[in-house]
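Below is final_13.tsv, which holds TSV, C-alpha atoms and all ligand atoms.
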```
chain	number	residue	atom	x	y	z
T	208	MET	CA	123.45	56.53	102.37
T	209	GLY	CA	119.83	55.69	103.19
T	210	ILE	CA	117.15	55.08	100.59
T	211	PRO	CA	115.70	58.46	99.53
T	212	LYS	CA	112.01	58.98	100.39
T	213	PRO	CA	109.76	58.91	97.32
T	214	HIS	CA	108.38	62.29	96.29
T	215	ILE	CA	104.73	62.87	97.11
T	216	PRO	CA	102.66	63.78	94.01
T	217	LEU	CA	101.52	67.43	94.06
T	218	ASP	CA	97.83	66.39	94.03
T	219	GLU	CA	98.37	64.44	97.24
T	220	ILE	CA	100.09	67.39	98.91
T	221	ARG	CA	97.24	69.64	97.73
T	222	ALA	CA	94.64	67.28	99.26
T	223	ALA	CA	96.54	67.34	102.58
T	224	VAL	CA	96.65	71.16	102.50
T	225	GLU	CA	92.91	71.36	101.79
T	226	ALA	CA	92.15	69.03	104.72
T	227	CYS	CA	94.49	70.84	107.14
T	228	HIS	CA	93.13	72.21	110.42
T	229	LYS	CA	96.42	72.23	112.32
T	230	CYS	CA	96.17	75.92	113.20
T	231	PRO	CA	93.38	78.46	113.74
T	232	LEU	CA	94.00	80.11	110.34
T	233	ALA	CA	91.90	77.26	108.93
T	234	ASP	CA	88.82	78.71	110.67
T	235	GLY	CA	89.14	82.09	108.97
T	236	ARG	CA	89.91	80.96	105.44
T	237	THR	CA	87.59	80.97	102.44
T	238	GLN	CA	89.89	78.36	100.93
T	239	THR	CA	93.48	77.21	101.04
T	240	VAL	CA	96.02	78.59	98.56
T	241	PHE	CA	98.20	75.66	97.56
T	242	GLY	CA	100.21	77.23	94.76
T	243	VAL	CA	100.06	77.22	91.00
T	244	GLY	CA	102.22	76.72	87.94
T	245	ASN	CA	104.51	74.33	86.19
T	246	ALA	CA	105.16	71.19	88.23
T	247	ASP	CA	108.50	70.76	86.39
T	248	ALA	CA	109.55	74.37	86.83
T	249	ARG	CA	113.22	75.35	87.05
T	250	VAL	CA	112.10	78.17	89.36
T	251	LEU	CA	109.99	77.95	92.50
T	252	ILE	CA	108.84	81.36	93.71
T	253	VAL	CA	107.97	81.54	97.40
T	254	GLY	CA	105.92	84.43	98.80
T	255	GLU	CA	104.63	85.00	102.32
T	256	ALA	CA	100.92	84.22	102.72
T	257	PRO	CA	97.65	84.66	100.85
T	258	GLY	CA	95.98	88.06	101.03
T	259	LYS	CA	92.29	88.85	100.61
T	260	ASN	CA	92.12	88.25	96.84
T	261	GLU	CA	94.17	85.06	97.05
T	262	ASP	CA	91.92	83.71	99.81
T	263	LEU	CA	88.87	84.41	97.62
T	264	GLN	CA	90.32	83.00	94.40
T	265	GLY	CA	92.45	80.15	95.80
T	266	GLU	CA	95.49	81.25	93.79
T	267	PRO	CA	98.68	83.03	94.93
T	268	PHE	CA	99.58	86.55	93.79
T	269	VAL	CA	96.35	87.51	92.04
T	270	GLY	CA	96.02	90.98	93.66
T	271	ALA	CA	98.03	94.16	93.03
T	272	ALA	CA	101.33	92.55	94.12
T	273	GLY	CA	100.59	89.70	91.71
T	274	LYS	CA	100.11	92.02	88.75
T	275	TYR	CA	103.46	93.58	89.53
T	276	LEU	CA	105.01	90.11	89.93
T	277	ASN	CA	103.85	89.25	86.39
T	278	GLU	CA	105.68	92.35	85.11
T	279	LEU	CA	108.80	91.43	87.06
T	280	LEU	CA	108.74	87.88	85.67
T	281	GLY	CA	108.66	89.47	82.21
T	282	ILE	CA	111.92	91.32	82.99
T	283	ALA	CA	113.51	87.91	83.68
T	284	GLY	CA	112.06	86.56	80.40
T	285	LEU	CA	109.61	84.35	82.29
T	286	THR	CA	105.83	83.94	82.43
T	287	ARG	CA	103.70	82.50	85.21
T	288	GLU	CA	103.45	79.28	83.18
T	289	ASP	CA	107.24	78.81	83.39
T	290	VAL	CA	107.43	78.91	87.19
T	291	PHE	CA	105.67	77.46	90.21
T	292	ILE	CA	104.39	80.01	92.74
T	293	ALA	CA	103.68	79.10	96.36
T	294	ASN	CA	103.66	80.75	99.77
T	295	VAL	CA	105.11	79.99	103.20
T	296	LEU	CA	101.55	79.90	104.62
T	297	LYS	CA	98.65	78.30	102.76
T	298	CYS	CA	95.90	80.20	104.60
T	299	ARG	CA	95.31	83.94	104.94
T	300	PRO	CA	96.31	85.51	108.27
T	301	PRO	CA	93.51	87.79	109.51
T	302	GLY	CA	93.89	91.38	108.35
T	303	ASN	CA	97.04	90.33	106.45
T	304	ARG	CA	99.09	90.39	109.66
T	305	ASP	CA	102.55	88.81	109.65
T	306	PRO	CA	102.77	85.01	109.87
T	307	ARG	CA	103.45	83.80	113.43
T	308	PRO	CA	106.32	81.42	114.22
T	309	GLU	CA	103.97	78.59	115.25
T	310	GLU	CA	101.97	78.99	112.00
T	311	ILE	CA	105.19	78.82	109.98
T	312	GLU	CA	106.28	75.72	111.86
T	313	LEU	CA	102.97	73.93	111.33
T	314	CYS	CA	102.51	74.94	107.68
T	315	THR	CA	105.96	74.64	106.15
T	316	PRO	CA	106.09	70.84	105.95
T	317	PHE	CA	103.76	71.38	102.96
T	318	LEU	CA	106.20	73.79	101.30
T	319	ARG	CA	109.04	71.37	102.00
T	320	GLU	CA	107.17	68.54	100.23
T	321	GLN	CA	106.23	70.83	97.32
T	322	THR	CA	109.90	71.74	96.94
T	323	ARG	CA	111.01	68.10	96.99
T	324	THR	CA	108.45	67.14	94.36
T	325	ILE	CA	108.97	70.11	92.01
T	326	ASP	CA	112.74	69.84	92.54
T	327	PRO	CA	113.52	73.28	91.07
T	328	GLU	CA	116.96	74.53	90.21
T	329	PHE	CA	116.27	77.95	91.77
T	330	ILE	CA	114.12	79.02	94.70
T	331	VAL	CA	113.29	82.72	94.52
T	332	THR	CA	112.30	83.91	97.98
T	333	LEU	CA	110.17	87.06	98.05
T	334	GLY	CA	110.60	89.10	101.23
T	335	ASN	CA	111.79	88.34	104.73
T	336	PHE	CA	109.55	85.47	105.77
T	337	SER	CA	110.33	83.11	102.92
T	338	THR	CA	114.02	84.12	102.83
T	339	LYS	CA	114.49	83.47	106.54
T	340	PHE	CA	112.64	80.16	106.35
T	341	ILE	CA	114.42	78.79	103.28
T	342	LEU	CA	117.91	79.98	104.24
T	343	LYS	CA	117.50	79.39	107.99
T	344	THR	CA	119.00	82.81	108.55
T	345	GLU	CA	118.27	85.87	110.63
T	346	VAL	CA	119.92	88.11	108.00
T	347	GLY	CA	117.26	90.35	106.49
T	348	ILE	CA	116.17	90.77	102.88
T	349	THR	CA	117.72	94.26	102.65
T	350	ARG	CA	121.16	92.68	102.91
T	351	LEU	CA	120.46	89.45	101.04
T	352	HIS	CA	118.40	90.55	98.04
T	353	GLY	CA	120.06	90.03	94.69
T	354	THR	CA	122.75	87.68	96.06
T	355	LEU	CA	122.95	84.05	95.01
T	356	GLN	CA	122.70	81.70	97.99
T	357	GLN	CA	122.51	77.94	98.42
T	358	ALA	CA	120.20	75.77	100.54
T	359	GLY	CA	120.99	72.08	100.23
T	360	ARG	CA	120.94	71.31	96.50
T	361	PHE	CA	118.91	74.42	95.61
T	362	LYS	CA	120.20	77.77	94.41
T	363	VAL	CA	118.33	80.45	96.33
T	364	PHE	CA	117.89	83.99	95.02
T	365	PRO	CA	116.25	86.34	97.58
T	366	ILE	CA	114.34	89.36	96.22
T	367	PHE	CA	112.25	92.05	97.95
T	368	HIS	CA	108.55	91.23	98.18
T	369	PRO	CA	106.76	92.96	95.25
T	370	ALA	CA	104.16	94.37	97.67
T	371	ALA	CA	106.98	96.36	99.34
T	372	ALA	CA	107.40	98.39	96.13
T	373	LEU	CA	103.69	99.25	96.06
T	374	TYR	CA	104.09	101.41	99.17
T	375	ASP	CA	107.82	102.21	98.89
T	376	GLY	CA	108.62	103.17	95.30
T	377	SER	CA	112.36	103.23	96.06
T	378	LYS	CA	112.28	99.38	96.11
T	379	ARG	CA	111.21	99.18	92.45
T	380	GLU	CA	114.68	99.66	91.05
T	381	ALA	CA	116.15	96.91	93.25
T	382	LEU	CA	113.28	94.54	92.37
T	383	GLU	CA	113.65	95.16	88.66
T	384	ASN	CA	117.45	94.81	88.76
T	385	ASP	CA	117.16	91.57	90.75
T	386	PHE	CA	114.66	90.04	88.31
T	387	ALA	CA	116.98	91.05	85.44
T	388	THR	CA	119.84	89.26	87.23
T	389	LEU	CA	117.61	86.21	87.75
T	390	GLY	CA	116.91	86.11	84.00
T	391	GLU	CA	120.64	86.29	83.33
T	392	LEU	CA	121.39	83.47	85.77
T	393	LEU	CA	118.72	81.35	84.07
T	394	GLY	CA	119.65	82.42	80.53
T	395	THR	CA	116.03	83.40	79.88
T	396	ARG	CA	116.38	87.20	79.74
T	397	LYS	CA	115.82	88.65	76.27
T	398	PRO	CA	118.70	90.72	74.86
T	399	GLN	CA	118.01	94.39	75.62
T	400	ALA	CA	117.82	96.85	72.70
L	501	LIG	N1	101.58	88.19	98.96
L	501	LIG	C1	102.14	86.97	99.13
L	501	LIG	O1	103.16	86.83	99.76
L	501	LIG	N2	101.54	85.93	98.59
L	501	LIG	C2	100.43	86.02	97.86
L	501	LIG	O2	99.97	84.99	97.38
L	501	LIG	C3	99.87	87.29	97.69
L	501	LIG	C4	100.46	88.36	98.25
```

Hey, can you dump this file as structure tokens for me?
Ligand code: URA
Amino acid sequence: MGIPKPHIPLDEIRAAVEACHKCPLADGRTQTVFGVGNADARVLIVGEAPGKNEDLQGEPFVGAAGKYLNELLGIAGLTREDVFIANVLKCRPPGNRDPRPEEIELCTPFLREQTRTIDPEFIVTLGNFSTKFILKTEVGITRLHGTLQQAGRFKVFPIFHPAAALYDGSKREALENDFATLGELLGTRKPQA
């Protein structure tokens, strides 16, 4: 076996993200959205890309989907301070359009380094883009959500994106059940009355 590469400190990865101009999304951003939370987290949550509020505040999941994510974390017996939250893309796509393949390719070396440094036990992928990237699969989130997967040494637990439930209420039950299952897998879920 070769000598493992040393992990890059999160502050160094953050500085590289802030300096990045590898794709045109850099021109439209107010600021980069590196990610936030516990650098020793057991759980890394990976969303898609910053939206308008995240671009303005420099923090992931601070808009309506973020408020709902906080509630969902509560179902698992977790708070935002327990987890690390990041996105596939670090800059907002214009008009919140989907990430493009070339943007994902250029941006995800940052997510890969964040993952190596945080070294979580679980990666929770929210929605199709992060699930397909982390699992290197074409299978969609509708089939994969709520099933425990593996990517290298990481357990991966795909869940619908919380924003999906904001315009399709039928996804709420699946999201809430999946976060309950996550809490059970982690042993953090509070006993239900
Ligand atoms: N949706 C995401 O995927 N990420 C965010 O940070 C906000 C909304």

Which residues of chain T come within 10 Å of ligand LIG 501 (chain L), and for each one, what is the closest pair of atoms and their distance in Å to one decimal, counting only C-alpha atoms and all ligand atoms, sorted by chain and residue number, as a tab-separated table?
```
residue	atom	partner	partner_atom	distance
T:Val240	CA	L:LIG501	O2	7.6
T:Phe241	CA	L:LIG501	O2	9.5
T:Gly242	CA	L:LIG501	O2	8.2
T:Ile252	CA	L:LIG501	N2	9.9
T:Val253	CA	L:LIG501	O1	7.5
T:Gly254	CA	L:LIG501	O1	3.8
T:Glu255	CA	L:LIG501	O1	3.5
T:Ala256	CA	L:LIG501	N2	4.5
T:Pro257	CA	L:LIG501	O2	4.2
T:Gly258	CA	L:LIG501	C3	5.2
T:Lys259	CA	L:LIG501	C3	8.3
T:Asn260	CA	L:LIG501	C3	7.9
T:Glu261	CA	L:LIG501	O2	5.8
T:Asp262	CA	L:LIG501	O2	8.5
T:Gly265	CA	L:LIG501	O2	9.1
T:Glu266	CA	L:LIG501	O2	6.9
T:Pro267	CA	L:LIG501	O2	3.4
T:Phe268	CA	L:LIG501	O2	3.9
T:Val269	CA	L:LIG501	C3	6.7
T:Gly270	CA	L:LIG501	C3	6.7
T:Ala271	CA	L:LIG501	C4	8.2
T:Ala272	CA	L:LIG501	C4	5.9
T:Gly273	CA	L:LIG501	C3	6.5
T:Leu276	CA	L:LIG501	C4	9.6
T:Ile292	CA	L:LIG501	O2	8.1
T:Ala293	CA	L:LIG501	O2	7.0
T:Asn294	CA	L:LIG501	N2	5.7
T:Val295	CA	L:LIG501	O1	7.9
T:Leu296	CA	L:LIG501	N2	8.5
T:Lys297	CA	L:LIG501	O2	8.7
T:Cys298	CA	L:LIG501	O2	9.6
T:Arg299	CA	L:LIG501	O2	8.9
T:Asn303	CA	L:LIG501	N1	9.0
T:Thr332	CA	L:LIG501	O1	9.8
T:Leu333	CA	L:LIG501	O1	7.2
T:Gly334	CA	L:LIG501	O1	7.9
T:Phe336	CA	L:LIG501	O1	8.9
T:Ser337	CA	L:LIG501	O1	8.7
T:His368	CA	L:LIG501	O1	7.1
T:Pro369	CA	L:LIG501	N1	8.0
T:Ala370	CA	L:LIG501	N1	6.8
T:Ala371	CA	L:LIG501	N1	9.8
```

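Between atom CA of Ser377 of chain T and atom CA of Thr354 of chain T the interatomic distance comes to 18.7 Å.
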
**Report entry** Who sits within 12 Å of Arg319 of chain T, all atoms listed in the file, same chain under 6 positions skipped, as a ChimeraX atom specification
**Finding:** /T:214-215,217,220,251,253,293-296,311-313,325-327,330,337,340-341

Report summary line: From atom CA of Leu285 of chain T to atom CA of Leu263 of chain T the spacing works out at 25.8 Å

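The space separating atom CA of Pro365 of chain T from atom CA of Leu351 of chain T comes to 6.3 Å.
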
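Considering only C-alpha atoms, the residue among T:Glu288, T:Glu383, T:Glu320, T:Glu310 positioned nearest to Gly353 of chain T is T:Glu383.
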
Requested in this report: Tell me which protein, DNA and RNA residues are within 10 Å of segment 388-396 of chain T, counting all atoms listed in the file, leaving out same-chain ones fewer than 6 positions away, and put them as a ChimeraX atom specification.
Outcome: /T:249-250,280-285,328-329,331,353-355,364-366,382

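Distance check against Gly302 of chain T using only C-alpha atoms: of T:Cys227, T:Leu232, T:Ala381, T:Val290, the minimum falls on T:Leu232.
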